[in-house]
Every structure is written in structure tokens, then in C-alpha cells.
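J.: Provided below: my_file_33.csv, containing CSV, N, CA and C atoms.
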```
chain,number,residue,atom,x,y,z
A,1,MET,N,0.8,-1.2,0.0
A,1,MET,CA,0.0,0.0,0.0
A,1,MET,C,0.8,1.3,0.0
A,2,LYS,N,2.1,1.1,0.4
A,2,LYS,CA,3.0,2.4,0.4
A,2,LYS,C,3.1,3.0,-1.0
A,3,TYR,N,2.9,2.2,-2.0
A,3,TYR,CA,3.0,2.8,-3.4
A,3,TYR,C,1.7,3.6,-3.8
A,4,ALA,N,0.6,3.4,-3.1
A,4,ALA,CA,-0.6,4.1,-3.4
A,4,ALA,C,-0.4,5.6,-3.2
A,5,LEU,N,0.4,6.0,-2.2
A,5,LEU,CA,0.6,7.5,-2.0
A,5,LEU,C,1.6,8.0,-3.1
A,6,LEU,N,2.5,7.2,-3.5
A,6,LEU,CA,3.4,7.6,-4.6
A,6,LEU,C,2.6,7.8,-5.9
A,7,ILE,N,1.7,6.8,-6.2
A,7,ILE,CA,0.8,7.0,-7.4
A,7,ILE,C,-0.1,8.2,-7.3
A,8,GLY,N,-0.6,8.4,-6.1
A,8,GLY,CA,-1.4,9.6,-5.9
A,8,GLY,C,-0.6,10.9,-6.1
A,9,ARG,N,0.6,11.0,-5.6
A,9,ARG,CA,1.5,12.1,-5.8
A,9,ARG,C,1.7,12.4,-7.3
A,10,ILE,N,2.0,11.3,-8.0
A,10,ILE,CA,2.2,11.4,-9.5
A,10,ILE,C,1.0,11.9,-10.2
A,11,LEU,N,-0.2,11.4,-9.9
A,11,LEU,CA,-1.4,11.8,-10.5
A,11,LEU,C,-1.7,13.3,-10.2
A,12,PHE,N,-1.5,13.6,-8.9
A,12,PHE,CA,-1.8,15.0,-8.5
A,12,PHE,C,-0.8,16.0,-9.2
A,13,ALA,N,0.5,15.6,-9.3
A,13,ALA,CA,1.5,16.5,-9.9
A,13,ALA,C,1.3,16.7,-11.4
A,14,LEU,N,0.7,15.7,-12.1
A,14,LEU,CA,0.6,15.8,-13.6
A,14,LEU,C,-0.1,17.0,-14.1
A,15,ILE,N,-1.2,17.4,-13.4
A,15,ILE,CA,-2.0,18.6,-13.9
A,15,ILE,C,-1.1,19.8,-13.9
A,16,PHE,N,-0.3,20.0,-12.9
A,16,PHE,CA,0.6,21.2,-12.7
A,16,PHE,C,1.7,21.1,-13.7
A,17,LEU,N,2.3,19.9,-13.9
A,17,LEU,CA,3.4,19.8,-14.8
A,17,LEU,C,3.0,19.9,-16.3
A,18,MET,N,1.7,19.5,-16.6
A,18,MET,CA,1.2,19.6,-18.0
A,18,MET,C,0.7,21.0,-18.3
A,19,SER,N,0.2,21.7,-17.3
A,19,SER,CA,-0.4,23.1,-17.6
A,19,SER,C,0.6,24.2,-17.4
A,20,GLY,N,1.6,23.9,-16.6
A,20,GLY,CA,2.7,25.0,-16.3
A,20,GLY,C,3.3,25.6,-17.5
A,21,PRO,N,3.8,24.8,-18.4
A,21,PRO,CA,4.4,25.3,-19.6
A,21,PRO,C,3.5,26.2,-20.5
A,22,GLY,N,2.2,26.0,-20.4
A,22,GLY,CA,1.2,26.8,-21.1
A,22,GLY,C,1.2,28.2,-20.6
A,23,HIS,N,1.7,28.5,-19.4
A,23,HIS,CA,1.6,29.8,-18.9
A,23,HIS,C,2.6,30.8,-19.5
A,24,PHE,N,3.4,30.3,-20.4
A,24,PHE,CA,4.4,31.1,-21.1
A,24,PHE,C,3.8,31.5,-22.5
A,25,SER,N,2.6,31.1,-22.8
A,25,SER,CA,2.0,31.4,-24.1
A,25,SER,C,1.3,32.7,-24.1
A,26,ALA,N,1.2,33.4,-25.2
A,26,ALA,CA,0.5,34.7,-25.4
A,26,ALA,C,-1.0,34.5,-25.1
A,27,ALA,N,-1.5,33.3,-25.5
A,27,ALA,CA,-3.0,33.0,-25.3
A,27,ALA,C,-3.3,33.0,-23.9
A,28,THR,N,-2.5,32.3,-23.1
A,28,THR,CA,-2.8,32.2,-21.6
A,28,THR,C,-2.6,33.5,-20.9
A,29,ILE,N,-1.6,34.2,-21.3
A,29,ILE,CA,-1.4,35.6,-20.7
A,29,ILE,C,-2.5,36.5,-21.1
A,30,GLY,N,-3.0,36.4,-22.4
A,30,GLY,CA,-4.1,37.2,-22.8
A,30,GLY,C,-5.4,36.9,-22.1
A,31,PHE,N,-5.6,35.6,-21.9
A,31,PHE,CA,-6.8,35.1,-21.1
A,31,PHE,C,-6.8,35.7,-19.7
A,32,ALA,N,-5.7,35.6,-19.1
A,32,ALA,CA,-5.6,36.1,-17.7
A,32,ALA,C,-5.8,37.6,-17.7
A,33,ALA,N,-5.2,38.3,-18.6
A,33,ALA,CA,-5.4,39.8,-18.7
A,33,ALA,C,-6.9,40.1,-18.9
A,34,SER,N,-7.6,39.3,-19.7
A,34,SER,CA,-9.0,39.6,-20.0
A,34,SER,C,-9.9,39.4,-18.7
A,35,LYS,N,-9.4,38.5,-17.8
A,35,LYS,CA,-10.1,38.3,-16.5
A,35,LYS,C,-9.7,39.3,-15.5
A,36,GLY,N,-8.8,40.3,-15.8
A,36,GLY,CA,-8.5,41.3,-14.9
A,36,GLY,C,-7.2,41.1,-14.1
A,37,VAL,N,-6.4,40.1,-14.5
A,37,VAL,CA,-5.1,39.9,-13.7
A,37,VAL,C,-4.2,41.0,-14.0
A,38,PRO,N,-3.7,41.7,-13.0
A,38,PRO,CA,-2.8,42.8,-13.2
A,38,PRO,C,-1.4,42.3,-13.6
A,39,MET,N,-0.7,43.0,-14.4
A,39,MET,CA,0.7,42.6,-14.8
A,39,MET,C,0.7,41.1,-15.3
A,40,ALA,N,-0.3,40.8,-16.1
A,40,ALA,CA,-0.4,39.4,-16.6
A,40,ALA,C,0.8,38.9,-17.3
A,41,SER,N,1.5,39.8,-18.0
A,41,SER,CA,2.7,39.3,-18.7
A,41,SER,C,3.8,38.9,-17.8
A,42,VAL,N,3.8,39.3,-16.6
A,42,VAL,CA,4.8,38.9,-15.6
A,42,VAL,C,4.2,37.8,-14.7
A,43,LEU,N,3.0,38.0,-14.2
A,43,LEU,CA,2.4,37.1,-13.2
A,43,LEU,C,2.1,35.7,-13.8
A,44,VAL,N,1.6,35.7,-15.0
A,44,VAL,CA,1.2,34.4,-15.6
A,44,VAL,C,2.5,33.5,-15.8
A,45,PRO,N,3.5,34.0,-16.4
A,45,PRO,CA,4.7,33.1,-16.5
A,45,PRO,C,5.3,32.8,-15.1
A,46,LEU,N,5.3,33.7,-14.2
A,46,LEU,CA,5.7,33.4,-12.8
A,46,LEU,C,4.9,32.2,-12.2
A,47,SER,N,3.6,32.3,-12.5
A,47,SER,CA,2.7,31.2,-12.0
A,47,SER,C,3.0,29.9,-12.6
A,48,GLY,N,3.5,29.9,-13.9
A,48,GLY,CA,3.9,28.7,-14.6
A,48,GLY,C,5.1,28.1,-13.9
A,49,VAL,N,6.1,29.0,-13.6
A,49,VAL,CA,7.3,28.5,-12.8
A,49,VAL,C,6.9,27.9,-11.5
A,50,ILE,N,6.0,28.5,-10.8
A,50,ILE,CA,5.5,28.0,-9.5
A,50,ILE,C,4.9,26.7,-9.7
A,51,GLU,N,4.0,26.5,-10.7
A,51,GLU,CA,3.4,25.2,-11.0
A,51,GLU,C,4.4,24.1,-11.3
A,52,ILE,N,5.4,24.4,-12.1
A,52,ILE,CA,6.3,23.4,-12.5
A,52,ILE,C,7.2,23.0,-11.3
A,53,ILE,N,7.7,24.0,-10.5
A,53,ILE,CA,8.5,23.7,-9.4
A,53,ILE,C,7.7,22.9,-8.3
A,54,GLY,N,6.5,23.4,-8.0
A,54,GLY,CA,5.7,22.7,-7.0
A,54,GLY,C,5.3,21.3,-7.5
A,55,GLY,N,5.0,21.1,-8.8
A,55,GLY,CA,4.6,19.8,-9.3
A,55,GLY,C,5.8,18.9,-9.3
A,56,LEU,N,7.0,19.3,-9.7
A,56,LEU,CA,8.2,18.5,-9.6
A,56,LEU,C,8.5,18.0,-8.2
A,57,SER,N,8.4,19.0,-7.3
A,57,SER,CA,8.6,18.7,-5.9
A,57,SER,C,7.7,17.6,-5.4
A,58,ILE,N,6.5,17.6,-5.7
A,58,ILE,CA,5.5,16.6,-5.2
A,58,ILE,C,5.7,15.3,-6.0
A,59,LEU,N,6.0,15.4,-7.3
A,59,LEU,CA,6.2,14.2,-8.1
A,59,LEU,C,7.4,13.4,-7.5
A,60,LEU,N,8.5,14.1,-7.3
A,60,LEU,CA,9.7,13.4,-6.8
A,60,LEU,C,9.7,13.1,-5.3
A,61,GLY,N,8.8,13.8,-4.6
A,61,GLY,CA,8.9,13.6,-3.1
A,61,GLY,C,10.1,14.3,-2.5
A,62,TYR,N,10.5,15.4,-3.1
A,62,TYR,CA,11.6,16.2,-2.6
A,62,TYR,C,11.1,17.6,-2.1
A,63,LYS,N,11.4,17.8,-0.8
A,63,LYS,CA,10.9,19.1,-0.2
A,63,LYS,C,9.4,19.2,-0.5
A,64,THR,N,8.7,18.1,-0.3
A,64,THR,CA,7.3,18.0,-0.7
A,64,THR,C,6.4,19.0,0.0
A,65,LYS,N,6.6,19.2,1.2
A,65,LYS,CA,5.7,20.2,1.9
A,65,LYS,C,5.9,21.6,1.4
A,66,TRP,N,7.1,22.0,1.0
A,66,TRP,CA,7.3,23.3,0.4
A,66,TRP,C,6.7,23.3,-1.0
A,67,GLY,N,6.8,22.2,-1.8
A,67,GLY,CA,6.2,22.2,-3.1
A,67,GLY,C,4.7,22.4,-3.0
A,68,ALA,N,4.1,21.7,-2.0
A,68,ALA,CA,2.6,21.8,-1.8
A,68,ALA,C,2.3,23.3,-1.4
A,69,LEU,N,3.1,23.9,-0.6
A,69,LEU,CA,2.8,25.3,-0.2
A,69,LEU,C,2.9,26.2,-1.4
A,70,LEU,N,3.8,25.9,-2.3
A,70,LEU,CA,3.9,26.7,-3.6
A,70,LEU,C,2.6,26.6,-4.4
A,71,LEU,N,2.1,25.4,-4.4
A,71,LEU,CA,0.9,25.1,-5.2
A,71,LEU,C,-0.3,25.8,-4.5
A,72,ILE,N,-0.3,25.8,-3.2
A,72,ILE,CA,-1.4,26.5,-2.5
A,72,ILE,C,-1.3,28.0,-2.8
A,73,VAL,N,-0.1,28.6,-2.8
A,73,VAL,CA,0.1,30.0,-3.2
A,73,VAL,C,-0.4,30.3,-4.6
A,74,PHE,N,-0.2,29.3,-5.5
A,74,PHE,CA,-0.7,29.4,-6.8
A,74,PHE,C,-2.2,29.3,-6.9
A,75,LEU,N,-2.8,28.3,-6.2
A,75,LEU,CA,-4.2,27.9,-6.4
A,75,LEU,C,-5.2,29.0,-5.8
A,76,ILE,N,-4.8,29.6,-4.7
A,76,ILE,CA,-5.8,30.5,-4.1
A,76,ILE,C,-6.1,31.6,-5.0
A,77,PRO,N,-5.2,32.4,-5.5
A,77,PRO,CA,-5.6,33.6,-6.3
A,77,PRO,C,-6.1,33.1,-7.7
A,78,VAL,N,-5.6,32.1,-8.2
A,78,VAL,CA,-6.1,31.6,-9.6
A,78,VAL,C,-7.5,31.2,-9.5
A,79,THR,N,-7.8,30.4,-8.4
A,79,THR,CA,-9.2,29.9,-8.3
A,79,THR,C,-10.2,31.0,-8.1
A,80,PHE,N,-9.9,32.0,-7.3
A,80,PHE,CA,-10.9,33.0,-7.0
A,80,PHE,C,-10.9,34.2,-8.0
A,81,THR,N,-9.8,34.3,-8.8
A,81,THR,CA,-9.7,35.3,-9.8
A,81,THR,C,-10.2,34.8,-11.2
A,82,LEU,N,-9.7,33.7,-11.6
A,82,LEU,CA,-10.0,33.3,-13.0
A,82,LEU,C,-11.3,32.4,-13.1
A,83,HIS,N,-11.7,31.9,-12.0
A,83,HIS,CA,-12.9,31.0,-12.0
A,83,HIS,C,-14.0,31.5,-11.1
A,84,ALA,N,-14.2,32.8,-11.1
A,84,ALA,CA,-15.3,33.4,-10.2
A,84,ALA,C,-16.6,33.2,-10.9
A,85,PHE,N,-17.1,32.0,-10.9
A,85,PHE,CA,-18.4,31.7,-11.6
A,85,PHE,C,-19.6,32.5,-11.2
A,86,TRP,N,-19.5,33.0,-9.9
A,86,TRP,CA,-20.7,33.8,-9.4
A,86,TRP,C,-20.8,35.2,-10.1
A,87,ASN,N,-19.8,35.6,-10.9
A,87,ASN,CA,-19.8,36.8,-11.6
A,87,ASN,C,-20.2,36.6,-13.1
A,88,VAL,N,-20.4,35.4,-13.5
A,88,VAL,CA,-20.6,35.1,-14.9
A,88,VAL,C,-22.1,35.1,-15.2
A,89,ALA,N,-22.5,35.8,-16.3
A,89,ALA,CA,-23.9,35.8,-16.7
A,89,ALA,C,-24.3,34.7,-17.6
A,90,ASP,N,-23.5,34.4,-18.6
A,90,ASP,CA,-23.8,33.3,-19.5
A,90,ASP,C,-23.9,31.9,-18.8
A,91,PRO,N,-25.0,31.2,-18.9
A,91,PRO,CA,-25.2,30.0,-18.2
A,91,PRO,C,-24.1,28.9,-18.5
A,92,MET,N,-23.7,28.8,-19.8
A,92,MET,CA,-22.8,27.8,-20.2
A,92,MET,C,-21.4,28.1,-19.6
A,93,MET,N,-21.0,29.4,-19.7
A,93,MET,CA,-19.7,29.8,-19.2
A,93,MET,C,-19.7,29.7,-17.6
A,94,LYS,N,-20.8,30.0,-17.0
A,94,LYS,CA,-20.9,29.9,-15.6
A,94,LYS,C,-20.7,28.5,-15.1
A,95,GLN,N,-21.3,27.5,-15.9
A,95,GLN,CA,-21.1,26.1,-15.5
A,95,GLN,C,-19.7,25.7,-15.7
A,96,MET,N,-19.1,26.1,-16.8
A,96,MET,CA,-17.6,25.8,-17.0
A,96,MET,C,-16.7,26.3,-15.9
A,97,ASP,N,-17.0,27.6,-15.6
A,97,ASP,CA,-16.2,28.2,-14.5
A,97,ASP,C,-16.4,27.6,-13.2
A,98,MET,N,-17.7,27.1,-12.9
A,98,MET,CA,-18.0,26.5,-11.6
A,98,MET,C,-17.2,25.1,-11.6
A,99,ALA,N,-17.2,24.4,-12.7
A,99,ALA,CA,-16.5,23.1,-12.7
A,99,ALA,C,-15.0,23.3,-12.5
A,100,ALA,N,-14.4,24.4,-13.1
A,100,ALA,CA,-13.0,24.7,-12.9
A,100,ALA,C,-12.7,25.1,-11.5
A,101,PHE,N,-13.6,25.9,-10.9
A,101,PHE,CA,-13.5,26.4,-9.6
A,101,PHE,C,-13.5,25.2,-8.6
A,102,MET,N,-14.4,24.2,-8.8
A,102,MET,CA,-14.5,23.1,-7.9
A,102,MET,C,-13.3,22.2,-8.0
A,103,LYS,N,-12.8,22.0,-9.3
A,103,LYS,CA,-11.6,21.2,-9.5
A,103,LYS,C,-10.4,21.9,-8.7
A,104,ASN,N,-10.3,23.2,-8.8
A,104,ASN,CA,-9.2,23.8,-8.1
A,104,ASN,C,-9.4,23.7,-6.6
A,105,ILE,N,-10.6,23.8,-6.1
A,105,ILE,CA,-10.8,23.7,-4.7
A,105,ILE,C,-10.4,22.3,-4.2
A,106,SER,N,-10.7,21.3,-5.0
A,106,SER,CA,-10.3,19.9,-4.6
A,106,SER,C,-8.8,19.8,-4.6
A,107,MET,N,-8.2,20.4,-5.6
A,107,MET,CA,-6.7,20.3,-5.7
A,107,MET,C,-6.1,21.1,-4.5
A,108,LEU,N,-6.7,22.2,-4.1
A,108,LEU,CA,-6.3,23.0,-3.0
A,108,LEU,C,-6.4,22.1,-1.7
A,109,GLY,N,-7.4,21.4,-1.6
A,109,GLY,CA,-7.6,20.4,-0.4
A,109,GLY,C,-6.5,19.4,-0.4
A,110,ALA,N,-6.2,18.8,-1.6
A,110,ALA,CA,-5.1,17.8,-1.6
A,110,ALA,C,-3.7,18.5,-1.3
A,111,ALA,N,-3.5,19.7,-1.8
A,111,ALA,CA,-2.2,20.4,-1.5
A,111,ALA,C,-2.1,20.7,0.0
A,112,LEU,N,-3.2,21.0,0.6
A,112,LEU,CA,-3.2,21.3,2.0
A,112,LEU,C,-2.8,20.0,2.8
A,113,MET,N,-3.4,18.9,2.4
A,113,MET,CA,-3.1,17.6,3.0
A,113,MET,C,-1.6,17.2,2.8
A,114,ILE,N,-1.1,17.4,1.6
A,114,ILE,CA,0.3,17.1,1.3
A,114,ILE,C,1.2,18.0,2.1
A,115,SER,N,0.8,19.3,2.3
A,115,SER,CA,1.6,20.2,3.1
A,115,SER,C,1.7,19.8,4.5
A,116,TYR,N,0.7,19.1,5.0
A,116,TYR,CA,0.7,18.6,6.4
A,116,TYR,C,1.4,17.3,6.5
A,117,PHE,N,1.0,16.3,5.7
A,117,PHE,CA,1.5,14.9,5.9
A,117,PHE,C,2.8,14.7,5.2
A,118,GLY,N,3.1,15.4,4.2
A,118,GLY,CA,4.4,15.2,3.4
A,118,GLY,C,4.2,14.2,2.3
A,119,ALA,N,5.3,13.7,1.9
A,119,ALA,CA,5.4,12.8,0.7
A,119,ALA,C,5.0,11.4,0.9
A,120,GLY,N,5.2,10.9,2.1
A,120,GLY,CA,5.0,9.5,2.3
A,120,GLY,C,6.3,8.7,2.3
A,121,PRO,N,6.1,7.3,2.4
A,121,PRO,CA,7.4,6.5,2.5
A,121,PRO,C,8.2,6.4,1.3
A,122,VAL,N,7.6,6.4,0.1
A,122,VAL,CA,8.4,6.3,-1.1
A,122,VAL,C,8.7,7.7,-1.7
A,123,SER,N,9.8,8.3,-1.3
A,123,SER,CA,10.1,9.6,-1.7
A,123,SER,C,11.6,9.9,-1.4
A,124,ILE,N,12.1,11.0,-2.0
A,124,ILE,CA,13.4,11.5,-1.8
A,124,ILE,C,13.5,12.0,-0.3
A,125,ASP,N,12.4,12.7,0.1
A,125,ASP,CA,12.3,13.2,1.5
A,125,ASP,C,12.6,12.1,2.5
A,126,ASN,N,12.1,11.0,2.3
A,126,ASN,CA,12.3,9.9,3.2
A,126,ASN,C,13.3,8.9,2.8
A,127,LYS,N,14.1,9.2,1.8
A,127,LYS,CA,15.3,8.4,1.3
A,127,LYS,C,14.9,7.0,1.1
A,128,GLN,N,13.7,6.8,0.5
A,128,GLN,CA,13.3,5.4,0.2
A,128,GLN,C,12.6,5.5,-1.1
A,129,LEU,N,13.3,5.3,-2.2
A,129,LEU,CA,12.7,5.4,-3.5
A,129,LEU,C,12.1,4.0,-4.0
A,130,VAL,N,12.9,3.0,-4.0
A,130,VAL,CA,12.4,1.7,-4.6
A,130,VAL,C,12.8,0.6,-3.7
A,131,LYS,N,13.0,0.8,-2.4
A,131,LYS,CA,13.3,-0.3,-1.5
A,131,LYS,C,12.1,-1.1,-1.3
A,132,ALA,N,12.3,-2.4,-1.1
A,132,ALA,CA,11.2,-3.3,-0.9
A,132,ALA,C,10.7,-3.4,0.5
```
Before we go any further, please render this structure as C-alpha cells.
T.:
Amino acid sequence: MKYALLIGRILFALIFLMSGPGHFSAATIGFAASKGVPMASVLVPLSGVIEIIGGLSILLGYKTKWGALLLIVFLIPVTFTLHAFWNVADPMMKQMDMAAFMKNISMLGAALMISYFGAGPVSIDNKQLVKA
């Protein structure tokens, strides 16, 4: 069962590692700017760096609690700024923003748990990568 936590960390980290590089694109920066993000050309790429570092930290189980805290710092403003479904008039867009908001809230919950409990037994933090 000790590998269940490793698999969970990998699955959790994937979304951040896959979406992080997109934060360097003009489209993502433009989207954030359209949602009212100040200094989007600076903050959006910075958020991509935070996502990648936090995701790698959790994936590898290295400084995992710090990586989870980075993702918490990323998720809180992104969730409440970019997915404020309560401000959306169009029903279809409101539903999409609500789904994204709830996804982020669940990831925030997981990041909070990881920041408390750490990486688990199979991690660099615990110096046990593939021991039987």
C-alpha cells in the first residue's frame, strides 16, 4: 500500500506539470489579462514557474511540503480570480467556470493535506525510492 501514495502524488502533480508550460504562451497571458489579472505578462509566466517547481517537488517527493505550499500560493488567487463563476452571466460559461473552480478547490484540499502529511514513505524526502 505504500505505493498508493506515490501513485497519488504522481497523478496530482501531472496537472501542474502539464499546464505549467502553457503559462508562457501569449494566449494564456491574454486570457488572464481579460479576466483582470494585473501585470499578466509577468504574473502568468511566474505562476507557470511556481506550478512546475511545485509539481516536480511533489512528483519526486523532494521538499514536498514546500512544493505543496507553492501550489497553495498558486491555487488560491487563480481559483478566486479566474474562475469566479458567481460573476458570470452566460449559463454555459458559468457552468464551465464552476467546474474549474470546484476542480481547483479539490486540488487545494489535496495540496493542504500534502503540506501537512508530506510525501509518504516512497520519496526522496524519506530516502526510500524503490526499497522493498
J.: Would you pick out the contacts of Ile114 (chain A) at 8 Å or less, using only N, CA and C atoms, so that residues sharing its chain but fewer than 5 positions from it are not included, and give the list as a PyMOL selection string?
T.: chain A and resi 64-69+108-109+119-120
J.: Counting only C-alpha atoms, which of A:Leu46, A:Asn87, A:Leu75, A:His23 gets nearest to Ala110 (chain A)?
T.: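 Using only C-alpha atoms, Ala110 (chain A) sits closest to A:Leu75.
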J.: Using all atoms listed in the file, can you tell me which of A:Leu82, A:Met92, A:Tyr116, A:Met98 comes closest to Gly36 (chain A)?
T.: A:Leu82
J.: So which one's closest to Asn126 (chain A), A:Tyr62, A:His83, A:Ile7, A:Lys103? Using all atoms listed in the file, please.
T.: A:Tyr62
J.: CA of Pro45 (chain A) and CA of Phe24 (chain A), how far apart in Å?
T.: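 If I compute the distance from CA of Phe24 (chain A) to CA of Pro45 (chain A), I get 5.0 Å.
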J.: Between A:Phe74, A:Phe101, A:Phe16, A:Phe117, which residue has the minimum interatomic distance to Gly61 (chain A), considering only C-alpha atoms?
T.: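 Checking each candidate against Gly61 (chain A), we get A:Phe117 as the closest.
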J.: Apply DSSP to the backbone of this structure and, from chain A, keep only the residues in alpha helix (DSSP H); write these as an MDAnalysis selection string.
T.: chainID A and resid 2:19 26:34 40:60 64:82 91:117
J.: Could you work out how far CA of Ala111 (chain A) lies from CA of Ser34 (chain A), giving the answer in Å with one decimal?
T.: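 Rounded to one decimal, the two atoms are 27.5 Å apart.
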J.: What separation in Å, quoted to one decimal, exists between atom C of Ile58 (chain A) and CA of Arg9 (chain A)?
T.: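 It comes out at 5.3 Å.
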J.: Pick from A:Met96, A:Ile52, A:Ile124, A:Met1: nearest to Pro21 (chain A), with all atoms listed in the file counted?
T.: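 Going through A:Met96, A:Ile52, A:Ile124, A:Met1 one by one, the smallest distance to Pro21 (chain A) is for A:Ile52.
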J.: With all atoms listed in the file as the atoms that count, which of A:Phe80, A:Phe85, A:Phe31, A:Phe12 lies nearest to Ala99 (chain A)?
T.: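 When distances to Ala99 (chain A) are compared using all atoms listed in the file, the smallest one comes from A:Phe85.
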J.: Take the point (0.5, 14.9, -12.0) in the file's coordinates, draw a sphere of radius 12 Å around it, and report as a list in words every protein, DNA or RNA residue with an atom inside or on it, counting only C-alpha atoms.
T.: Leu6, Ile7, Gly8, Arg9, Ile10, Leu11, Phe12, Ala13, Leu14, Ile15, Phe16, Leu17, Met18, Ser19, Gly20, Glu51, Ile52, Gly54, Gly55, Leu56, Ser57, Ile58, Leu59, Leu60 and Met107 of chain A
J.: What does the file look like for those residues with N, CA and C atoms, as a short mmCIF file (atom, residue, chain, number, x, y, z; two decimals), in the coordinates of the input?
T.:
```
data_model
loop_
_atom_site.label_atom_id
_atom_site.label_comp_id
_atom_site.auth_asym_id
_atom_site.auth_seq_id
_atom_site.Cartn_x
_atom_site.Cartn_y
_atom_site.Cartn_z
N LEU A 6 2.50 7.20 -3.50
CA LEU A 6 3.40 7.60 -4.60
C LEU A 6 2.60 7.80 -5.90
N ILE A 7 1.70 6.80 -6.20
CA ILE A 7 0.80 7.00 -7.40
C ILE A 7 -0.10 8.20 -7.30
N GLY A 8 -0.60 8.40 -6.10
CA GLY A 8 -1.40 9.60 -5.90
C GLY A 8 -0.60 10.90 -6.10
N ARG A 9 0.60 11.00 -5.60
CA ARG A 9 1.50 12.10 -5.80
C ARG A 9 1.70 12.40 -7.30
N ILE A 10 2.00 11.30 -8.00
CA ILE A 10 2.20 11.40 -9.50
C ILE A 10 1.00 11.90 -10.20
N LEU A 11 -0.20 11.40 -9.90
CA LEU A 11 -1.40 11.80 -10.50
C LEU A 11 -1.70 13.30 -10.20
N PHE A 12 -1.50 13.60 -8.90
CA PHE A 12 -1.80 15.00 -8.50
C PHE A 12 -0.80 16.00 -9.20
N ALA A 13 0.50 15.60 -9.30
CA ALA A 13 1.50 16.50 -9.90
C ALA A 13 1.30 16.70 -11.40
N LEU A 14 0.70 15.70 -12.10
CA LEU A 14 0.60 15.80 -13.60
C LEU A 14 -0.10 17.00 -14.10
N ILE A 15 -1.20 17.40 -13.40
CA ILE A 15 -2.00 18.60 -13.90
C ILE A 15 -1.10 19.80 -13.90
N PHE A 16 -0.30 20.00 -12.90
CA PHE A 16 0.60 21.20 -12.70
C PHE A 16 1.70 21.10 -13.70
N LEU A 17 2.30 19.90 -13.90
CA LEU A 17 3.40 19.80 -14.80
C LEU A 17 3.00 19.90 -16.30
N MET A 18 1.70 19.50 -16.60
CA MET A 18 1.20 19.60 -18.00
C MET A 18 0.70 21.00 -18.30
N SER A 19 0.20 21.70 -17.30
CA SER A 19 -0.40 23.10 -17.60
C SER A 19 0.60 24.20 -17.40
N GLY A 20 1.60 23.90 -16.60
CA GLY A 20 2.70 25.00 -16.30
C GLY A 20 3.30 25.60 -17.50
N GLU A 51 4.00 26.50 -10.70
CA GLU A 51 3.40 25.20 -11.00
C GLU A 51 4.40 24.10 -11.30
N ILE A 52 5.40 24.40 -12.10
CA ILE A 52 6.30 23.40 -12.50
C ILE A 52 7.20 23.00 -11.30
N GLY A 54 6.50 23.40 -8.00
CA GLY A 54 5.70 22.70 -7.00
C GLY A 54 5.30 21.30 -7.50
N GLY A 55 5.00 21.10 -8.80
CA GLY A 55 4.60 19.80 -9.30
C GLY A 55 5.80 18.90 -9.30
N LEU A 56 7.00 19.30 -9.70
CA LEU A 56 8.20 18.50 -9.60
C LEU A 56 8.50 18.00 -8.20
N SER A 57 8.40 19.00 -7.30
CA SER A 57 8.60 18.70 -5.90
C SER A 57 7.70 17.60 -5.40
N ILE A 58 6.50 17.60 -5.70
CA ILE A 58 5.50 16.60 -5.20
C ILE A 58 5.70 15.30 -6.00
N LEU A 59 6.00 15.40 -7.30
CA LEU A 59 6.20 14.20 -8.10
C LEU A 59 7.40 13.40 -7.50
N LEU A 60 8.50 14.10 -7.30
CA LEU A 60 9.70 13.40 -6.80
C LEU A 60 9.70 13.10 -5.30
N MET A 107 -8.20 20.40 -5.60
CA MET A 107 -6.70 20.30 -5.70
C MET A 107 -6.10 21.10 -4.50
#
```
